[in-house]
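Source file: query.pdb; contents: PDB, C-alpha atoms.
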```
ATOM      1  CA  MET A1485     142.321 268.075  23.393
ATOM      2  CA  LYS A1486     145.642 268.698  25.111
ATOM      3  CA  PRO A1487     148.281 270.612  23.124
ATOM      4  CA  ARG A1488     151.307 268.663  21.959
ATOM      5  CA  ILE A1489     154.339 269.926  23.893
ATOM      6  CA  HIS A1490     157.687 269.559  22.131
ATOM      7  CA  GLN A1491     159.726 271.955  24.325
ATOM      8  CA  VAL A1492     159.904 272.853  28.021
ATOM      9  CA  LEU A1493     161.426 276.201  28.994
ATOM     10  CA  PHE A1494     162.445 276.600  32.643
ATOM     11  CA  ASP A1495     162.957 279.569  34.884
ATOM     12  CA  PHE A1496     166.058 278.967  37.009
ATOM     13  CA  ASP A1497     166.037 280.391  40.547
ATOM     14  CA  GLY A1498     163.115 278.945  42.471
ATOM     15  CA  VAL A1499     162.418 276.227  39.898
ATOM     16  CA  LEU A1500     165.644 274.332  39.165
ATOM     17  CA  ALA A1501     167.655 275.639  42.118
ATOM     18  CA  HIS A1502     167.249 277.434  45.412
ATOM     19  CA  TYR A1503     169.209 280.682  45.620
ATOM     20  CA  ARG A1504     170.655 281.803  48.974
ATOM     21  CA  HIS A1505     171.520 285.444  48.620
ATOM     22  CA  GLU A1506     173.450 285.700  51.889
ATOM     23  CA  VAL A1507     175.627 282.678  51.136
ATOM     24  CA  ARG A1508     176.744 284.220  47.854
ATOM     25  CA  ILE A1509     177.554 287.512  49.610
ATOM     26  CA  ALA A1510     179.501 285.659  52.304
ATOM     27  CA  HIS A1511     181.490 283.756  49.684
ATOM     28  CA  LEU A1512     182.521 286.974  47.924
ATOM     29  CA  ALA A1513     183.331 288.646  51.251
ATOM     30  CA  THR A1514     185.625 285.770  52.179
ATOM     31  CA  HIS A1515     187.305 285.920  48.779
ATOM     32  CA  ALA A1516     187.904 289.663  49.080
ATOM     33  CA  GLN A1517     188.559 289.613  52.845
ATOM     34  CA  CYS A1518     186.036 292.394  53.359
ATOM     35  CA  GLU A1519     182.802 292.915  55.289
ATOM     36  CA  HIS A1520     179.551 291.425  54.022
ATOM     37  CA  GLU A1521     177.999 294.883  53.917
ATOM     38  CA  GLN A1522     180.667 296.074  51.512
ATOM     39  CA  VAL A1523     179.717 293.317  49.079
ATOM     40  CA  ARG A1524     176.014 294.013  49.527
ATOM     41  CA  THR A1525     176.481 297.726  48.901
ATOM     42  CA  THR A1526     178.685 297.204  45.850
ATOM     43  CA  LEU A1527     176.420 294.669  44.202
ATOM     44  CA  PHE A1528     172.931 295.665  45.188
ATOM     45  CA  VAL A1529     172.631 299.076  46.841
ATOM     46  CA  SER A1530     174.628 300.645  44.005
ATOM     47  CA  GLY A1531     172.428 299.054  41.349
ATOM     48  CA  LEU A1532     175.386 297.226  39.756
ATOM     49  CA  GLU A1533     173.662 293.836  39.765
ATOM     50  CA  THR A1534     170.548 295.288  38.149
ATOM     51  CA  GLU A1535     172.628 296.931  35.428
ATOM     52  CA  TYR A1536     174.250 293.604  34.623
ATOM     53  CA  ASP A1537     171.037 291.600  34.790
ATOM     54  CA  THR A1538     169.383 293.946  32.292
ATOM     55  CA  GLY A1539     172.355 293.913  29.909
ATOM     56  CA  ALA A1540     173.132 297.608  30.413
ATOM     57  CA  ILE A1541     176.809 296.744  31.004
ATOM     58  CA  ASP A1542     178.989 293.918  29.726
ATOM     59  CA  THR A1543     180.661 291.231  31.810
ATOM     60  CA  ALA A1544     184.109 292.843  31.811
ATOM     61  CA  THR A1545     182.715 296.149  33.108
ATOM     62  CA  TYR A1546     180.590 294.389  35.697
ATOM     63  CA  LEU A1547     183.484 292.338  37.093
ATOM     64  CA  ARG A1548     185.822 295.335  37.109
ATOM     65  CA  ARG A1549     183.357 297.488  39.046
ATOM     66  CA  LEU A1550     182.582 294.649  41.458
ATOM     67  CA  GLY A1551     186.281 294.102  42.105
ATOM     68  CA  GLU A1552     186.919 297.812  42.634
ATOM     69  CA  GLY A1553     184.019 297.992  45.059
ATOM     70  CA  ILE A1554     185.117 295.123  47.274
ATOM     71  CA  GLY A1555     188.848 295.600  46.892
ATOM     72  CA  ALA A1556     189.769 292.364  45.151
ATOM     73  CA  THR A1557     190.149 290.983  41.653
ATOM     74  CA  ILE A1558     186.998 289.139  40.622
ATOM     75  CA  ASP A1559     187.387 287.118  37.459
ATOM     76  CA  GLU A1560     184.766 284.919  35.834
ATOM     77  CA  ALA A1561     185.852 281.856  37.801
ATOM     78  CA  ALA A1562     185.575 283.654  41.151
ATOM     79  CA  TRP A1563     182.150 285.033  40.270
ATOM     80  CA  ILE A1564     180.837 281.664  39.117
ATOM     81  CA  ALA A1565     182.179 280.032  42.287
ATOM     82  CA  SER A1566     180.263 282.526  44.427
ATOM     83  CA  ARG A1567     177.038 281.961  42.476
ATOM     84  CA  MET A1568     177.464 278.209  42.768
ATOM     85  CA  ALA A1569     178.038 278.553  46.510
ATOM     86  CA  GLY A1570     174.728 280.371  46.841
ATOM     87  CA  SER A1571     172.752 277.965  44.668
ATOM     88  CA  THR A1572     171.469 274.480  45.474
ATOM     89  CA  ALA A1573     169.923 272.321  42.775
ATOM     90  CA  ILE A1574     166.414 271.038  43.494
ATOM     91  CA  ASP A1575     167.194 267.393  42.940
ATOM     92  CA  ASP A1576     163.671 265.994  42.618
ATOM     93  CA  VAL A1577     162.758 268.586  39.968
ATOM     94  CA  LEU A1578     165.992 267.815  38.109
ATOM     95  CA  ALA A1579     165.244 264.107  38.236
ATOM     96  CA  ARG A1580     161.870 264.660  36.570
ATOM     97  CA  ALA A1581     163.371 266.995  33.974
ATOM     98  CA  VAL A1582     166.187 264.579  33.095
ATOM     99  CA  ALA A1583     163.660 261.758  32.787
ATOM    100  CA  LEU A1584     161.570 263.566  30.169
ATOM    101  CA  HIS A1585     161.511 261.896  26.795
ATOM    102  CA  ALA A1586     164.548 262.663  24.671
ATOM    103  CA  ASP A1587     162.309 264.124  21.966
ATOM    104  CA  VAL A1588     161.321 266.957  24.331
ATOM    105  CA  ALA A1589     163.809 269.826  24.005
ATOM    106  CA  LEU A1590     164.700 271.674  27.230
ATOM    107  CA  GLY A1591     165.971 275.204  27.854
ATOM    108  CA  VAL A1592     166.305 277.907  30.505
ATOM    109  CA  LEU A1593     165.192 281.547  30.487
ATOM    110  CA  THR A1594     166.269 283.485  33.566
ATOM    111  CA  ASN A1595     166.402 287.105  34.726
ATOM    112  CA  ASN A1596     170.128 287.056  35.460
ATOM    113  CA  GLY A1597     173.391 288.331  34.033
ATOM    114  CA  ALA A1598     175.149 286.716  31.087
ATOM    115  CA  LEU A1599     177.675 284.797  33.214
ATOM    116  CA  MET A1600     174.833 282.558  34.362
ATOM    117  CA  THR A1601     175.023 280.802  31.000
ATOM    118  CA  GLN A1602     178.234 279.267  32.362
ATOM    119  CA  ALA A1603     177.106 278.833  35.978
ATOM    120  CA  ILE A1604     173.724 277.190  35.391
ATOM    121  CA  PRO A1605     174.961 274.005  33.685
ATOM    122  CA  ARG A1606     177.370 273.484  36.582
ATOM    123  CA  ILE A1607     174.715 274.036  39.232
ATOM    124  CA  VAL A1608     172.284 271.628  37.564
ATOM    125  CA  ALA A1609     174.926 269.223  36.258
ATOM    126  CA  PRO A1610     172.575 266.244  35.662
ATOM    127  CA  LEU A1611     170.585 268.451  33.274
ATOM    128  CA  ALA A1612     173.570 270.080  31.556
ATOM    129  CA  ALA A1613     173.532 267.928  28.428
ATOM    130  CA  ARG A1614     169.800 268.526  27.909
ATOM    131  CA  ILE A1615     170.100 272.337  28.064
ATOM    132  CA  GLU A1616     173.435 272.790  26.288
ATOM    133  CA  GLY A1617     173.318 275.885  24.084
ATOM    134  CA  ARG A1618     169.825 276.732  25.326
ATOM    135  CA  VAL A1619     170.436 278.803  28.467
ATOM    136  CA  LEU A1620     169.197 282.356  27.915
ATOM    137  CA  THR A1621     169.601 285.264  30.328
ATOM    138  CA  SER A1622     167.992 288.672  30.564
ATOM    139  CA  GLY A1623     171.473 290.189  30.496
ATOM    140  CA  GLY A1624     172.310 288.442  27.260
ATOM    141  CA  LEU A1625     168.946 289.231  25.681
ATOM    142  CA  GLN A1626     168.891 292.797  27.059
ATOM    143  CA  ARG A1627     165.268 292.285  28.023
ATOM    144  CA  ARG A1628     163.537 290.768  31.037
ATOM    145  CA  LYS A1629     160.590 288.638  31.978
ATOM    146  CA  PRO A1630     157.657 289.143  32.287
ATOM    147  CA  ALA A1631     157.586 291.264  29.094
ATOM    148  CA  PRO A1632     155.922 289.126  26.400
ATOM    149  CA  SER A1633     158.537 290.335  23.904
ATOM    150  CA  THR A1634     161.205 288.621  26.021
ATOM    151  CA  PHE A1635     159.562 285.255  25.470
ATOM    152  CA  THR A1636     158.990 285.912  21.771
ATOM    153  CA  HIS A1637     162.653 286.854  21.309
ATOM    154  CA  ALA A1638     163.818 283.832  23.300
ATOM    155  CA  LEU A1639     161.753 281.455  21.183
ATOM    156  CA  ASP A1640     163.061 283.072  18.000
ATOM    157  CA  LEU A1641     166.623 282.397  19.163
ATOM    158  CA  LEU A1642     165.795 278.826  20.144
ATOM    159  CA  GLY A1643     163.832 278.157  16.977
ATOM    160  CA  TRP A1644     160.843 277.019  19.016
ATOM    161  CA  ASP A1645     157.133 277.451  18.393
ATOM    162  CA  ALA A1646     155.154 279.082  21.209
ATOM    163  CA  ALA A1647     152.187 276.768  20.589
ATOM    164  CA  THR A1648     154.289 273.687  21.416
ATOM    165  CA  THR A1649     156.301 275.177  24.305
ATOM    166  CA  LEU A1650     155.557 274.843  28.013
ATOM    167  CA  PHE A1651     157.150 277.483  30.261
ATOM    168  CA  VAL A1652     157.428 277.000  34.038
ATOM    169  CA  ASP A1653     158.282 279.698  36.587
ATOM    170  CA  ASP A1654     157.806 280.197  40.318
ATOM    171  CA  LEU A1655     156.447 283.735  39.781
ATOM    172  CA  PHE A1656     152.939 284.023  38.373
ATOM    173  CA  THR A1657     153.680 287.404  36.792
ATOM    174  CA  ASN A1658     156.220 285.655  34.537
ATOM    175  CA  VAL A1659     153.712 282.909  33.785
ATOM    176  CA  GLN A1660     151.250 285.595  32.696
ATOM    177  CA  GLY A1661     153.844 287.217  30.424
ATOM    178  CA  ALA A1662     154.564 283.875  28.780
ATOM    179  CA  ARG A1663     150.877 283.224  28.204
ATOM    180  CA  GLU A1664     150.483 286.639  26.615
ATOM    181  CA  ALA A1665     153.286 285.654  24.236
ATOM    182  CA  GLY A1666     151.370 282.519  23.263
ATOM    183  CA  LEU A1667     153.245 279.907  25.287
ATOM    184  CA  HIS A1668     151.606 277.394  27.570
ATOM    185  CA  ALA A1669     152.775 278.337  31.056
ATOM    186  CA  GLU A1670     152.340 277.108  34.623
ATOM    187  CA  THR A1671     153.519 278.122  38.082
ATOM    188  CA  VAL A1672     156.028 275.634  39.503
ATOM    189  CA  ILE A1673     157.478 275.903  43.002
ATOM    190  CA  ASP A1674     158.523 272.304  43.694
ATOM    191  CA  ALA A1675     158.585 268.795  42.260
ATOM    192  CA  ARG A1676     154.915 268.212  43.035
ATOM    193  CA  SER A1677     153.733 271.270  41.103
ATOM    194  CA  PHE A1678     156.151 270.469  38.268
ATOM    195  CA  ASN A1679     154.778 266.964  38.040
ATOM    196  CA  LYS A1680     151.214 268.317  37.960
ATOM    197  CA  ALA A1681     152.153 270.670  35.120
ATOM    198  CA  LEU A1682     153.705 267.831  33.146
ATOM    199  CA  LYS A1683     150.638 265.653  33.612
ATOM    200  CA  ARG A1684     148.317 268.514  32.641
ATOM    201  CA  TYR A1685     150.044 268.720  29.260
ATOM    202  CA  ALA A1686     150.763 264.997  28.971
ATOM    203  CA  VAL A1687     154.528 265.525  28.855
ATOM    204  CA  GLY A1688     155.916 262.143  29.801
ATOM    205  CA  PRO A1689     159.175 260.480  30.801
ATOM    206  CA  GLN A1690     161.058 257.845  28.882
ATOM    207  CA  THR A1691     160.270 255.436  31.704
ATOM    208  CA  GLY A1692     157.836 255.570  34.602
ATOM    209  CA  TRP A1693     158.653 257.480  37.784
TER     210      TRP A1693
END
```
Show the structure stored in the file as structure tokens.
Amino acid sequence: MKPRIHQVLFDFDGVLAHYRHEVRIAHLATHAQCEHEQVRTTLFVSGLETEYDTGAIDTATYLRRLGEGIGATIDEAAWIASRMAGSTAIDDVLARAVALHADVALGVLTNNGALMTQAIPRIVAPLAARIEGRVLTSGGLQRRKPAPSTFTHALDLLGWDAATTLFVDDLFTNVQGAREAGLHAETVIDARSFNKALKRYAVGPQTGW
């Protein structure tokens, strides 16, 4: 007998949107009027992005250090604009997610910094109303996937039961972590695999696709 799924928890990059690293770097470089390599070094070679994604530093510290590194003021709006520039929603996955029955609660759990709670609803605008207040980041939680405790903590915050939650991610290691935490979990890399996962657990739309 198939489990009854009441909630679907999504990874973000690679599932709901494609992320183009170089486009984001180019956007910040244009904003700061500096070389791409300066942005890359400040964000990634230095470890700044990792610190923020793990919650080791807060948003104000992160933006200040980023701005100092590339020689320009980077506020929340500028950062979100760069992340949006580097992200493209996967429309056919969004269409299937939006079409899910209204009784199925939706949320996002992503290994990203806390500012993504503001960026994600803008990137996946058709889904924004369905995930409002339920976008969780590793930076905000101060813990990352695939640790099973990350999923347990996320579900505690959402008020969801692992036994009725389906988690989808493009990385199998994260799927494994979710399963260890008691969630149902499947690897999803495109609309076809997402649709297969939904059918496997009999999670249906309000109307036929």
With 10 Å as the cut-off and all atoms listed in the file counted, what is the closest atom pair between each nearby residue of stretch 1604-1663 of chain A and stretch 1560-1566 of chain A? Distances in Å to one decimal, ordered by chain and number, as CSV.
```
residue,atom,partner,partner_atom,distance
A:Ile1604,CA,A:Ile1564,CA,9.2
A:Arg1606,CA,A:Ile1564,CA,9.2
A:Ile1607,CA,A:Ile1564,CA,9.8
```
Kindly save the residues from that selection, with C-alpha atoms included, as an mmCIF file, in the coordinates of the input.
```
data_model
loop_
_atom_site.group_PDB
_atom_site.id
_atom_site.type_symbol
_atom_site.label_atom_id
_atom_site.label_comp_id
_atom_site.auth_asym_id
_atom_site.auth_seq_id
_atom_site.Cartn_x
_atom_site.Cartn_y
_atom_site.Cartn_z
ATOM 1 C CA ILE A 1604 173.724 277.190 35.391
ATOM 2 C CA ARG A 1606 177.370 273.484 36.582
ATOM 3 C CA ILE A 1607 174.715 274.036 39.232
#
```
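Of the listed residues A:Asp1537, A:Asp1645, A:Glu1670, A:Asp1654, the one whose atoms come nearest to A:Asp1497 is A:Asp1654, with distances taken using all atoms listed in the file.
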Just the residues within 7 Å of A:Val1592, please, counting only C-alpha atoms, with nothing from its chain fewer than 6 positions along; format it as a PDB file with C-alpha atoms, in the coordinates of the input.
```pdb
ATOM      1  CA  LEU A1493     161.426 276.201  28.994  1.00  0.00           C
ATOM      2  CA  PHE A1494     162.445 276.600  32.643  1.00  0.00           C
ATOM      3  CA  ASP A1495     162.957 279.569  34.884  1.00  0.00           C
ATOM      4  CA  PHE A1496     166.058 278.967  37.009  1.00  0.00           C
ATOM      5  CA  ARG A1618     169.825 276.732  25.326  1.00  0.00           C
ATOM      6  CA  VAL A1619     170.436 278.803  28.467  1.00  0.00           C
ATOM      7  CA  LEU A1620     169.197 282.356  27.915  1.00  0.00           C
TER       8      LEU A1620
END
```
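Separating atom CA of A:Ala1675 from atom CA of A:Pro1689 is a distance of 14.2 Å.
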- Non-local contacts of A:Ala1665 (7 Å; only C-alpha atoms; under 2 positions in same chain excluded) as an MDAnalysis selection string: chainID A and resid 1632 1635:1636 1661:1663 1667
- Message: With distances taken over only C-alpha atoms, which residue among A:Leu1682, A:Val1608, A:Leu1500, A:Val1523 lies nearest A:Leu1584?
- Response: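 Selected residue with least distance to A:Leu1584: A:Leu1682.
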Generate N, CA and C atoms for stretch 1517-1538 of chain A and emit them as a CSV table (one decimal), in the coordinates of the input.
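Dumped to selection-v3.csv:
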```
chain,number,residue,atom,x,y,z
A,1517,GLN,N,188.2,289.3,51.5
A,1517,GLN,CA,188.6,289.6,52.8
A,1517,GLN,C,188.0,291.0,53.2
A,1518,CYS,N,186.7,291.1,53.0
A,1518,CYS,CA,186.0,292.4,53.4
A,1518,CYS,C,184.7,292.1,54.1
A,1519,GLU,N,184.1,293.1,54.6
A,1519,GLU,CA,182.8,292.9,55.3
A,1519,GLU,C,181.7,292.6,54.3
A,1520,HIS,N,180.7,291.8,54.8
A,1520,HIS,CA,179.6,291.4,54.0
A,1520,HIS,C,178.8,292.7,53.5
A,1521,GLU,N,178.7,293.7,54.3
A,1521,GLU,CA,178.0,294.9,53.9
A,1521,GLU,C,178.7,295.6,52.7
A,1522,GLN,N,180.0,295.5,52.6
A,1522,GLN,CA,180.7,296.1,51.5
A,1522,GLN,C,180.3,295.4,50.2
A,1523,VAL,N,180.2,294.1,50.3
A,1523,VAL,CA,179.7,293.3,49.1
A,1523,VAL,C,178.3,293.7,48.7
A,1524,ARG,N,177.4,293.7,49.8
A,1524,ARG,CA,176.0,294.0,49.5
A,1524,ARG,C,175.8,295.4,48.9
A,1525,THR,N,176.6,296.4,49.4
A,1525,THR,CA,176.5,297.7,48.9
A,1525,THR,C,177.0,297.8,47.5
A,1526,THR,N,178.1,297.2,47.2
A,1526,THR,CA,178.7,297.2,45.8
A,1526,THR,C,177.8,296.6,44.8
A,1527,LEU,N,177.2,295.4,45.2
A,1527,LEU,CA,176.4,294.7,44.2
A,1527,LEU,C,175.0,295.2,44.1
A,1528,PHE,N,174.4,295.5,45.2
A,1528,PHE,CA,172.9,295.7,45.2
A,1528,PHE,C,172.5,297.1,45.5
A,1529,VAL,N,173.0,297.7,46.5
A,1529,VAL,CA,172.6,299.1,46.8
A,1529,VAL,C,173.0,300.0,45.7
A,1530,SER,N,174.1,299.8,45.1
A,1530,SER,CA,174.6,300.6,44.0
A,1530,SER,C,173.8,300.5,42.7
A,1531,GLY,N,173.1,299.4,42.6
A,1531,GLY,CA,172.4,299.1,41.3
A,1531,GLY,C,173.3,298.3,40.3
A,1532,LEU,N,174.5,297.9,40.7
A,1532,LEU,CA,175.4,297.2,39.8
A,1532,LEU,C,174.8,295.9,39.3
A,1533,GLU,N,174.2,295.1,40.2
A,1533,GLU,CA,173.7,293.8,39.8
A,1533,GLU,C,172.5,294.0,38.8
A,1534,THR,N,171.7,295.0,39.0
A,1534,THR,CA,170.5,295.3,38.1
A,1534,THR,C,171.0,295.7,36.8
A,1535,GLU,N,172.1,296.5,36.7
A,1535,GLU,CA,172.6,296.9,35.4
A,1535,GLU,C,173.1,295.7,34.6
A,1536,TYR,N,173.7,294.8,35.3
A,1536,TYR,CA,174.2,293.6,34.6
A,1536,TYR,C,173.1,292.7,34.2
A,1537,ASP,N,172.2,292.5,35.1
A,1537,ASP,CA,171.0,291.6,34.8
A,1537,ASP,C,170.2,292.1,33.6
A,1538,THR,N,170.2,293.4,33.4
A,1538,THR,CA,169.4,293.9,32.3
A,1538,THR,C,170.2,294.1,31.0
```
